[in-house]
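K.L.:
Have a peek at entry.txt (compact mmCIF, C-alpha atoms).
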```txt
# COMPACT_ATOMS: atom_id res chain seq x y z
CA MET A 24 -0.12 21.13 -1.61
CA ALA A 25 0.43 24.36 -3.55
CA LEU A 26 2.80 22.59 -5.93
CA ARG A 27 0.19 19.92 -6.60
CA ILE A 28 -2.50 22.46 -7.46
CA TRP A 29 -0.09 24.34 -9.74
CA ALA A 30 0.93 21.15 -11.51
CA SER A 31 -2.65 20.08 -11.93
CA SER A 32 -3.81 23.38 -13.38
CA THR A 33 -0.76 23.62 -15.62
CA ALA A 34 -1.44 20.14 -16.92
CA ASN A 35 -5.01 21.13 -17.64
CA ALA A 36 -3.92 24.33 -19.36
CA LEU A 37 -1.58 22.35 -21.59
CA ARG A 38 -4.40 19.88 -22.25
CA LEU A 39 -2.23 16.95 -21.29
CA SER A 40 -4.98 14.47 -21.94
CA SER A 41 -3.54 11.10 -22.80
CA ALA A 42 -0.16 11.72 -21.19
CA THR A 43 0.31 10.34 -17.73
CA ARG A 44 0.05 12.94 -15.06
CA PRO A 45 2.14 12.58 -11.94
CA HIS A 46 0.32 12.57 -8.65
CA PHE A 47 2.30 14.40 -6.05
CA SER A 48 0.55 12.67 -3.23
CA PRO A 49 3.12 10.62 -1.32
CA LEU A 50 0.60 7.81 -0.91
CA SER A 51 0.15 7.41 -4.66
CA ARG A 52 2.00 4.42 -6.07
CA CYS A 53 2.34 5.51 -9.66
CA PHE A 54 0.90 7.66 -12.37
CA SER A 55 -2.77 7.16 -13.26
CA SER A 56 -3.95 8.52 -16.57
CA VAL A 57 -7.25 10.31 -17.05
CA LEU A 58 -8.50 10.95 -20.56
CA ASP A 59 -10.29 13.97 -21.99
CA GLY A 60 -13.53 13.26 -23.75
CA LEU A 61 -14.70 10.65 -21.26
CA LYS A 62 -17.06 10.85 -18.31
CA TYR A 63 -16.31 9.23 -14.99
CA ALA A 64 -18.22 7.64 -12.12
CA HIS A 65 -17.30 7.79 -8.42
CA SER A 66 -16.91 4.03 -8.54
CA HIS A 67 -14.09 4.45 -11.10
CA GLU A 68 -15.80 3.43 -14.33
CA TRP A 69 -15.49 5.54 -17.50
CA VAL A 70 -18.03 6.14 -20.25
CA LYS A 71 -17.36 7.17 -23.87
CA HIS A 72 -20.47 8.38 -25.66
CA GLU A 73 -20.32 8.21 -29.44
CA GLY A 74 -23.57 8.61 -31.34
CA HIS A 75 -26.10 6.11 -30.03
CA VAL A 76 -23.57 3.95 -28.22
CA ALA A 77 -21.80 4.36 -24.91
CA THR A 78 -18.69 2.29 -24.18
CA ILE A 79 -17.95 1.48 -20.55
CA GLY A 80 -14.81 0.27 -18.80
CA ILE A 81 -12.82 0.84 -15.63
CA THR A 82 -10.22 3.56 -15.25
CA ASP A 83 -6.45 3.43 -15.01
CA HIS A 84 -6.75 4.39 -11.33
CA ALA A 85 -9.10 1.45 -10.77
CA GLN A 86 -6.93 -1.13 -12.51
CA ASP A 87 -3.88 0.05 -10.61
CA HIS A 88 -5.65 -0.36 -7.28
CA LEU A 89 -6.98 -3.78 -8.26
CA GLY A 90 -3.75 -5.46 -9.25
CA GLU A 91 -3.39 -7.97 -12.06
CA VAL A 92 -6.82 -8.93 -13.40
CA VAL A 93 -7.10 -12.69 -13.93
CA PHE A 94 -10.80 -13.12 -14.64
CA VAL A 95 -13.60 -10.96 -16.01
CA GLU A 96 -17.30 -11.73 -15.72
CA LEU A 97 -19.44 -9.96 -18.31
CA PRO A 98 -23.20 -9.88 -18.89
CA ASP A 99 -25.05 -11.16 -21.96
CA ILE A 100 -25.87 -9.02 -24.97
CA GLY A 101 -29.47 -7.93 -24.92
CA GLY A 102 -29.58 -7.55 -21.16
CA SER A 103 -29.96 -4.18 -19.50
CA VAL A 104 -27.83 -2.17 -17.13
CA THR A 105 -29.02 0.16 -14.41
CA LYS A 106 -27.19 3.23 -13.20
CA GLY A 107 -25.18 2.49 -10.07
CA THR A 108 -25.80 -1.26 -10.25
CA GLY A 109 -23.30 -4.02 -10.99
CA PHE A 110 -23.15 -5.52 -14.46
CA GLY A 111 -20.11 -7.71 -14.06
CA ALA A 112 -17.03 -8.35 -11.99
CA VAL A 113 -13.27 -8.62 -12.21
CA GLU A 114 -11.00 -10.85 -10.15
CA SER A 115 -7.52 -9.84 -9.05
CA VAL A 116 -5.36 -10.88 -6.06
CA LYS A 117 -8.05 -13.35 -4.95
CA ALA A 118 -10.61 -10.55 -4.75
CA THR A 119 -13.69 -10.26 -6.94
CA SER A 120 -14.76 -6.65 -7.38
CA ASP A 121 -18.12 -5.72 -8.83
CA VAL A 122 -18.13 -3.31 -11.74
CA ASN A 123 -21.04 -0.86 -11.80
CA SER A 124 -22.72 0.82 -14.74
CA PRO A 125 -22.69 4.63 -14.63
CA ILE A 126 -25.82 4.77 -16.82
CA CYS A 127 -29.00 2.91 -17.73
CA GLY A 128 -29.30 1.19 -21.07
CA GLU A 129 -29.39 -1.92 -23.21
CA ILE A 130 -26.22 -3.97 -23.72
CA VAL A 131 -25.40 -4.16 -27.42
CA GLU A 132 -21.88 -5.56 -27.29
CA VAL A 133 -19.47 -7.12 -24.78
CA ASN A 134 -15.70 -7.41 -25.08
CA THR A 135 -15.21 -11.15 -25.51
CA ASN A 136 -11.42 -10.67 -25.75
CA LEU A 137 -11.42 -10.21 -21.98
CA LYS A 138 -12.26 -13.88 -21.53
CA GLU A 139 -8.90 -14.99 -22.98
CA THR A 140 -6.93 -11.88 -22.08
CA PRO A 141 -8.31 -10.32 -18.89
CA GLY A 142 -5.03 -8.42 -18.47
CA LEU A 143 -6.12 -6.02 -21.21
CA ILE A 144 -7.93 -4.19 -18.43
CA ASN A 145 -4.54 -3.51 -16.82
CA SER A 146 -2.53 -2.81 -19.96
CA SER A 147 -5.15 -0.83 -21.88
CA PRO A 148 -7.99 0.23 -19.57
CA TYR A 149 -9.41 2.88 -21.92
CA GLU A 150 -9.01 1.11 -25.24
CA LYS A 151 -8.54 -2.63 -25.63
CA GLY A 152 -9.80 -3.21 -22.05
CA TRP A 153 -13.30 -1.80 -22.68
CA MET A 154 -15.97 -3.99 -21.10
CA ILE A 155 -19.43 -3.35 -22.55
CA LYS A 156 -21.18 -1.17 -25.09
CA VAL A 157 -24.59 0.14 -24.19
CA LYS A 158 -27.43 1.97 -25.91
CA PRO A 159 -28.18 4.65 -23.28
CA SER A 160 -31.85 4.84 -22.33
CA ASN A 161 -31.41 8.28 -20.86
CA PRO A 162 -28.44 10.18 -22.37
CA SER A 163 -28.89 13.04 -19.90
CA GLU A 164 -27.52 10.71 -17.20
CA LEU A 165 -24.10 11.31 -18.74
CA GLU A 166 -24.26 14.97 -17.74
CA ALA A 167 -24.37 13.98 -14.07
CA LEU A 168 -21.05 12.13 -14.33
CA MET A 169 -17.66 13.70 -13.60
CA GLY A 170 -15.46 15.23 -16.25
CA PRO A 171 -11.71 14.48 -16.40
CA LYS A 172 -10.67 17.40 -14.16
CA GLU A 173 -13.24 16.56 -11.51
CA TYR A 174 -12.34 12.86 -11.63
CA THR A 175 -8.60 13.58 -11.29
CA LYS A 176 -9.30 15.68 -8.21
CA PHE A 177 -11.58 12.95 -6.85
CA CYS A 178 -8.81 10.33 -7.22
CA GLU A 179 -6.23 12.59 -5.57
CA GLU A 180 -8.53 13.15 -2.62
CA GLU A 181 -9.35 9.47 -2.32
CA ASP A 182 -5.71 8.43 -2.35
CA GLY A 183 -4.31 11.28 -0.32
CA GLY A 184 -6.94 11.86 2.27
CA HIS A 185 -6.36 8.85 4.56
CA MET B 25 -8.41 15.92 12.13
CA ARG B 26 -8.80 12.19 11.73
CA ILE B 27 -12.12 10.82 12.91
CA PRO B 28 -11.56 7.88 15.31
CA ARG B 29 -12.56 4.59 13.73
CA ASN B 30 -14.16 1.74 15.60
CA LEU B 31 -14.30 -1.89 14.65
CA GLU B 32 -17.11 -4.04 15.96
CA VAL B 33 -15.99 -7.66 16.31
CA TRP B 34 -18.50 -10.47 16.54
CA ARG B 35 -17.18 -13.65 18.13
CA LEU B 36 -19.42 -16.31 16.66
CA GLY B 37 -17.88 -19.67 17.61
CA THR B 38 -18.47 -22.42 15.03
CA VAL B 39 -20.92 -21.45 12.31
CA ASN B 40 -22.37 -23.30 9.33
CA TYR B 41 -20.98 -21.82 6.10
CA LEU B 42 -24.30 -20.79 4.56
CA LYS B 43 -25.49 -19.19 7.79
CA ALA B 44 -22.31 -17.14 7.92
CA LEU B 45 -22.71 -16.18 4.26
CA LYS B 46 -26.28 -15.03 4.81
CA LEU B 47 -25.15 -12.98 7.79
CA GLN B 48 -22.36 -11.37 5.74
CA GLU B 49 -24.80 -10.42 2.99
CA LYS B 50 -27.08 -8.72 5.48
CA LEU B 51 -24.22 -6.90 7.19
CA ALA B 52 -22.70 -5.79 3.87
CA SER B 53 -26.04 -4.39 2.83
CA ASP B 54 -26.34 -2.54 6.17
CA ARG B 55 -22.78 -1.27 5.89
CA LYS B 56 -23.41 0.06 2.40
CA ILE B 57 -26.14 2.36 3.70
CA ASN B 58 -24.08 3.24 6.79
CA LYS B 59 -26.55 1.58 9.11
CA ILE B 60 -23.65 -0.12 10.89
CA THR B 61 -19.97 0.56 11.44
CA ASP B 62 -17.12 -1.57 10.10
CA THR B 63 -17.76 -5.08 11.43
CA LEU B 64 -15.54 -8.14 11.64
CA LEU B 65 -16.81 -11.68 12.09
CA SER B 66 -14.44 -14.02 13.94
CA LEU B 67 -15.44 -17.68 13.68
CA GLN B 68 -14.68 -21.23 12.61
CA HIS B 69 -16.57 -23.51 10.21
CA PRO B 70 -17.43 -27.20 10.38
CA PRO B 71 -15.68 -29.14 7.56
CA THR B 72 -16.53 -27.21 4.39
CA TYR B 73 -15.08 -26.96 0.89
CA THR B 74 -15.73 -23.77 -1.04
CA LEU B 75 -15.21 -22.58 -4.59
CA GLY B 76 -14.85 -19.03 -5.85
CA LYS B 77 -16.50 -17.14 -8.68
CA ARG B 78 -14.40 -18.91 -11.30
CA ARG B 79 -15.96 -22.22 -10.23
CA THR B 80 -12.73 -24.17 -10.52
CA ASP B 81 -14.32 -27.46 -9.55
CA TYR B 82 -11.75 -29.38 -11.57
CA ASN B 83 -9.59 -28.80 -8.48
CA LEU B 84 -11.92 -30.99 -6.43
CA LEU B 85 -10.31 -34.43 -6.63
CA VAL B 86 -13.15 -36.53 -5.26
CA PRO B 87 -16.85 -36.74 -6.17
CA GLU B 88 -19.18 -34.52 -4.18
CA SER B 89 -20.96 -37.57 -2.77
CA GLU B 90 -17.73 -38.65 -1.11
CA LEU B 91 -17.46 -35.28 0.64
CA LYS B 92 -20.80 -35.93 2.28
CA ASN B 93 -19.49 -39.27 3.56
CA MET B 94 -16.58 -37.40 5.11
CA GLY B 95 -19.01 -35.09 6.84
CA ALA B 96 -18.05 -32.09 4.72
CA GLU B 97 -20.17 -29.63 2.74
CA LEU B 98 -19.39 -28.01 -0.61
CA HIS B 99 -20.42 -24.45 -1.52
CA TYR B 100 -20.04 -22.22 -4.56
CA THR B 101 -19.45 -18.57 -3.73
CA GLN B 102 -18.90 -15.16 -5.31
CA ARG B 103 -15.52 -14.57 -3.69
CA GLY B 104 -12.22 -14.41 -5.51
CA GLY B 105 -9.74 -17.23 -5.30
CA ASP B 106 -9.79 -20.94 -6.01
CA ILE B 107 -11.00 -23.99 -4.08
CA THR B 108 -10.21 -24.26 -0.40
CA PHE B 109 -11.12 -26.08 2.80
CA HIS B 110 -12.41 -24.65 6.06
CA GLY B 111 -12.74 -26.65 9.25
CA PRO B 112 -12.30 -26.81 13.01
CA HIS B 113 -9.13 -25.16 14.36
CA GLN B 114 -8.86 -22.85 11.40
CA ALA B 115 -9.37 -19.20 12.31
CA ILE B 116 -11.69 -17.35 9.95
CA LEU B 117 -12.03 -13.56 9.77
CA TYR B 118 -14.73 -12.00 7.61
CA PRO B 119 -14.29 -8.21 7.60
CA ILE B 120 -17.35 -6.30 6.44
CA ILE B 121 -15.73 -2.92 5.97
CA SER B 122 -15.92 0.05 3.66
CA LEU B 123 -12.74 0.26 1.60
CA ARG B 124 -13.82 3.62 0.20
CA ASP B 125 -13.91 5.14 3.68
CA ILE B 126 -10.27 4.22 4.19
CA GLY B 127 -9.15 4.77 0.60
CA LEU B 128 -7.93 1.23 -0.05
CA GLY B 129 -8.11 -0.67 -3.31
CA ALA B 130 -8.37 -4.45 -3.59
CA ARG B 131 -4.63 -4.95 -3.87
CA LYS B 132 -3.74 -2.98 -0.74
CA TYR B 133 -6.63 -4.53 1.20
CA VAL B 134 -5.44 -8.04 0.41
CA GLU B 135 -1.85 -7.11 1.30
CA ASN B 136 -3.09 -5.96 4.68
CA LEU B 137 -4.94 -9.24 5.18
CA GLU B 138 -1.70 -11.07 4.40
CA SER B 139 0.17 -8.85 6.87
CA THR B 140 -2.42 -9.66 9.53
CA MET B 141 -1.60 -13.35 9.29
CA ILE B 142 2.14 -12.72 8.96
CA GLU B 143 2.10 -10.65 12.14
CA LEU B 144 0.11 -13.27 14.03
CA SER B 145 2.58 -15.96 12.91
CA SER B 146 5.49 -13.89 14.18
CA LEU B 147 3.94 -13.84 17.67
CA TYR B 148 4.72 -17.55 17.73
CA GLY B 149 8.17 -17.21 16.22
CA VAL B 150 7.03 -18.30 12.77
CA LYS B 151 8.48 -16.37 9.82
CA ALA B 152 5.74 -16.17 7.23
CA HIS B 153 5.58 -14.14 4.05
CA GLY B 154 3.01 -13.07 1.50
CA GLN B 155 2.78 -12.24 -2.18
CA ARG B 156 4.78 -15.25 -3.13
CA LYS B 157 5.44 -14.86 -6.86
CA CYS B 158 2.12 -13.07 -7.22
CA GLU B 159 0.31 -15.96 -5.49
CA THR B 160 -1.88 -14.32 -2.89
CA GLY B 161 -1.77 -15.96 0.52
CA VAL B 162 0.60 -16.48 3.42
CA TRP B 163 3.44 -18.97 3.31
CA VAL B 164 6.07 -20.43 5.57
CA GLY B 165 8.78 -21.38 3.15
CA ASP B 166 6.95 -23.39 0.50
CA ARG B 167 4.03 -24.29 2.71
CA LYS B 168 0.77 -22.36 2.80
CA ILE B 169 -0.48 -21.37 6.24
CA GLY B 170 -3.12 -18.78 5.36
CA ALA B 171 -5.54 -18.27 2.50
CA ILE B 172 -7.48 -15.28 1.25
CA GLY B 173 -10.65 -14.99 -0.81
CA VAL B 174 -12.52 -11.74 -0.89
CA ARG B 175 -15.55 -10.11 -2.45
CA ILE B 176 -15.82 -6.36 -2.91
CA SER B 177 -19.20 -4.95 -3.84
CA THR B 178 -19.77 -1.20 -4.03
CA GLY B 179 -16.62 -0.81 -1.99
CA ILE B 180 -17.81 -3.08 0.85
CA THR B 181 -15.86 -6.25 1.63
CA SER B 182 -17.08 -9.71 2.51
CA HIS B 183 -15.48 -13.14 2.86
CA GLY B 184 -11.87 -12.70 4.01
CA LEU B 185 -9.09 -14.84 5.39
CA ALA B 186 -8.54 -18.33 6.79
CA PHE B 187 -5.55 -19.04 9.02
CA ASN B 188 -4.55 -22.61 9.89
CA ILE B 189 -4.10 -22.90 13.65
CA ASP B 190 -4.30 -26.70 13.78
CA PRO B 191 -6.89 -28.03 11.35
CA ASP B 192 -6.91 -31.62 10.13
CA LEU B 193 -4.70 -31.15 7.09
CA THR B 194 -5.74 -34.46 5.51
CA PHE B 195 -8.90 -32.70 4.31
CA PHE B 196 -6.69 -30.72 1.93
CA LYS B 197 -5.66 -33.94 0.17
CA HIS B 198 -9.02 -34.08 -1.59
CA ILE B 199 -8.47 -30.80 -3.44
CA VAL B 200 -5.76 -28.97 -5.28
CA PRO B 201 -5.73 -26.23 -2.64
CA CYS B 202 -6.05 -22.78 -4.18
CA GLY B 203 -5.25 -24.42 -7.52
CA ILE B 204 -1.60 -24.90 -6.61
CA ALA B 205 -0.61 -28.50 -7.20
CA ASP B 206 2.92 -28.86 -5.94
CA LYS B 207 2.97 -27.04 -2.65
CA ASP B 208 2.05 -28.21 0.84
CA VAL B 209 -0.42 -26.82 3.30
CA THR B 210 0.74 -26.24 6.86
CA SER B 211 -0.47 -24.90 10.19
CA LEU B 212 0.73 -22.85 13.14
CA ARG B 213 0.86 -26.02 15.18
CA ARG B 214 3.29 -27.60 12.72
CA GLU B 215 5.49 -24.56 12.31
CA THR B 216 6.00 -23.42 15.90
CA ASP B 217 7.82 -25.06 18.79
CA LEU B 218 5.74 -23.13 21.30
CA VAL B 219 2.76 -24.63 23.09
CA LEU B 220 -0.34 -23.07 21.60
CA PRO B 221 -3.04 -21.52 23.78
CA ASP B 222 -6.74 -22.14 23.11
CA ASP B 223 -8.01 -21.22 19.65
CA GLU B 224 -10.03 -18.37 21.16
CA VAL B 225 -6.86 -16.68 22.37
CA ILE B 226 -5.21 -17.01 18.97
CA GLN B 227 -8.31 -15.71 17.21
CA GLU B 228 -8.37 -12.68 19.48
CA GLN B 229 -4.73 -12.03 18.70
CA LEU B 230 -5.49 -12.32 14.99
CA VAL B 231 -8.28 -9.77 15.36
CA SER B 232 -5.96 -7.41 17.24
CA CYS B 233 -3.36 -7.69 14.47
CA PHE B 234 -6.08 -6.86 11.93
CA ALA B 235 -7.31 -3.87 13.92
CA ARG B 236 -3.80 -2.48 14.33
CA LEU B 237 -2.87 -2.90 10.67
CA PHE B 238 -6.07 -1.26 9.49
CA GLY B 239 -5.70 1.65 11.88
CA TYR B 240 -8.76 1.17 14.07
CA ASN B 241 -8.72 3.14 17.29
CA ASP B 242 -11.08 0.92 19.23
CA ILE B 243 -12.39 -2.62 19.15
CA ILE B 244 -15.88 -3.35 20.41
CA TRP B 245 -16.12 -7.05 21.20
CA LYS B 246 -19.48 -8.80 20.97
CA ASP B 247 -20.22 -12.45 21.59
CA LYS B 248 -23.03 -13.53 19.32
CA ASN B 249 -25.02 -16.64 18.72
CA VAL B 250 -25.89 -16.87 15.02
CA ILE B 251 -29.25 -18.48 15.73
CA GLU B 252 -30.29 -15.37 17.60
CA ILE B 253 -29.19 -13.15 14.72
CA ASP B 254 -31.41 -14.93 12.22
CA ASP B 255 -34.32 -12.82 13.36
```
Show me, as structure tokens, the structure contained in the file I just sent.
P.N.:
Amino acid sequence: MALRIWASSTANALRLSSATRPHFSPLSRCFSSVLDGLKYAHSHEWVKHEGHVATIGITDHAQDHLGEVVFVELPDIGGSVTKGTGFGAVESVKATSDVNSPICGEIVEVNTNLKETPGLINSSPYEKGWMIKVKPSNPSELEALMGPKEYTKFCEEEDGGH
Amino acid sequence: MRIPRNLEVWRLGTVNYLKALKLQEKLASDRKINKITDTLLSLQHPPTYTLGKRRTDYNLLVPESELKNMGAELHYTQRGGDITFHGPHQAILYPIISLRDIGLGARKYVENLESTMIELSSLYGVKAHGQRKCETGVWVGDRKIGAIGVRISTGITSHGLAFNIDPDLTFFKHIVPCGIADKDVTSLRRETDLVLPDDEVIQEQLVSCFARLFGYNDIIWKDKNVIEIDD
């Protein structure tokens, strides 16, 4: 336990943002990356706020726990998303899992590449595997989300605590 | 200290597919707000074909009207997976459980469902295996004995697994089962030399395998009539 805390705080101090960070929990299968500059929901979605647009996807931790994604269902442009409510779904290992929006807003773009290449969610969850872009209706909602440190701790507890 | 976990099991007998679906939706909603504990429905369906979210109806090889003549229904669902058949003498388990409470992701959950059916098969001397070349389900050699199709919404599961005790396998001829064209479907009856007990006994054993694999401390058995639950 002490080693894990040391490693975690050292990693933070070194600002190891896009590098993979080992989880020392024995129940953890592999490394899950957590990026600086993003906000995170308890349901394992990430949000990147740039100007008037927020990009949303699912995290590395989420894609690892899902398995190989074979199908992605996305909403239409022009629709709206509500905080904590599903906007789409992914299918992996014969399981469809709803994907929730961490914020409220209007959908301005969806990643149509995911129709042909759903595996982008596995191979590039924070970049090519983005799911929707939203115009936030209430940008202060982003403040309530977790930062990278908090989300890393949340994942460790979720994986290790059972 | 680990809090003891209970599983409430509802033995429902044979239930129409849509009735069972409606019940699952209500239970999942109750489970989400912690109104109920983890619940497992144990049942069978009358002859029913179902499709998953991807709506792969090109894997249905006969017109829908012909299904009606056979006495079978067809339903489109939100679960994962391809087309499949449910019918008498096929054990169905629909777990309505919180994956977040037990820290499981979809992949591990489905592996545990496979293990449930593998363990049950081994009770009858049948060597089954899962995760066959990334094809989810349970197989005996090249023959599929158990299927899985799951929905996870806000961390709560619905739909589940179907294990062939001794269903009429000719129903599978009218579909490309699970989208896999060149492999056979089989049943416990076909694979074991042992005399099988009543379905109810096998279903109870299946539930016990599930409960053990998922680490439940206690099973609370309830016999329910779906018509009563409607209210």
K.L.:
Kindly give the distance, in Å, that separates CA of Gly104 in chain B and CA of Leu31 in chain B, rounded to a single decimal.
P.N.:
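Value for the CA of Gly104 in chain B-CA of Leu31 in chain B distance: 23.8 Å.
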K.L.:
Residues of chain B within 10 Å of chain A, using only C-alpha atoms, as a PyMOL selection string?
P.N.:
chain B and resi 26+76-78+102-106+124-135+155+158-161+171-184+202
K.L.:
Figure out the distance between CA of Asp222 in chain B and CA of Arg29 in chain B, please, to one decimal in Å.
P.N.:
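These two atoms are separated by 28.9 Å.
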K.L.:
Counting only C-alpha atoms, which residues sit no farther than 8 Å from the position (-15.7, 10.2, -15.2) in the file's frame? I'd like them as a VMD selection string.
P.N.:
chain A and resid 61 to 65 67 to 70 168 to 171 173 to 174
K.L.:
Find the spatial neighbours of range 145-152 of chain A, counting all atoms listed in the file, within a cut-off of 7 Å - ignore same-chain residues fewer than 2 positions away - and output them as a PyMOL selection string.
P.N.:
chain A and resi 80-83+86+91-92+142-143+154
K.L.:
Quick one, how far is CA of Val76 in chain A from CA of Asn161 in chain A?
P.N.:
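Here the two named atoms are 11.6 Å from each other.
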K.L.:
Skip His72 in chain A itself and residues of its chain fewer than 5 positions away, then list as a ChimeraX atom specification all residues within 10 Å of it, counting all atoms listed in the file.
P.N.:
/A:60-62,77-79,156-159,162,165
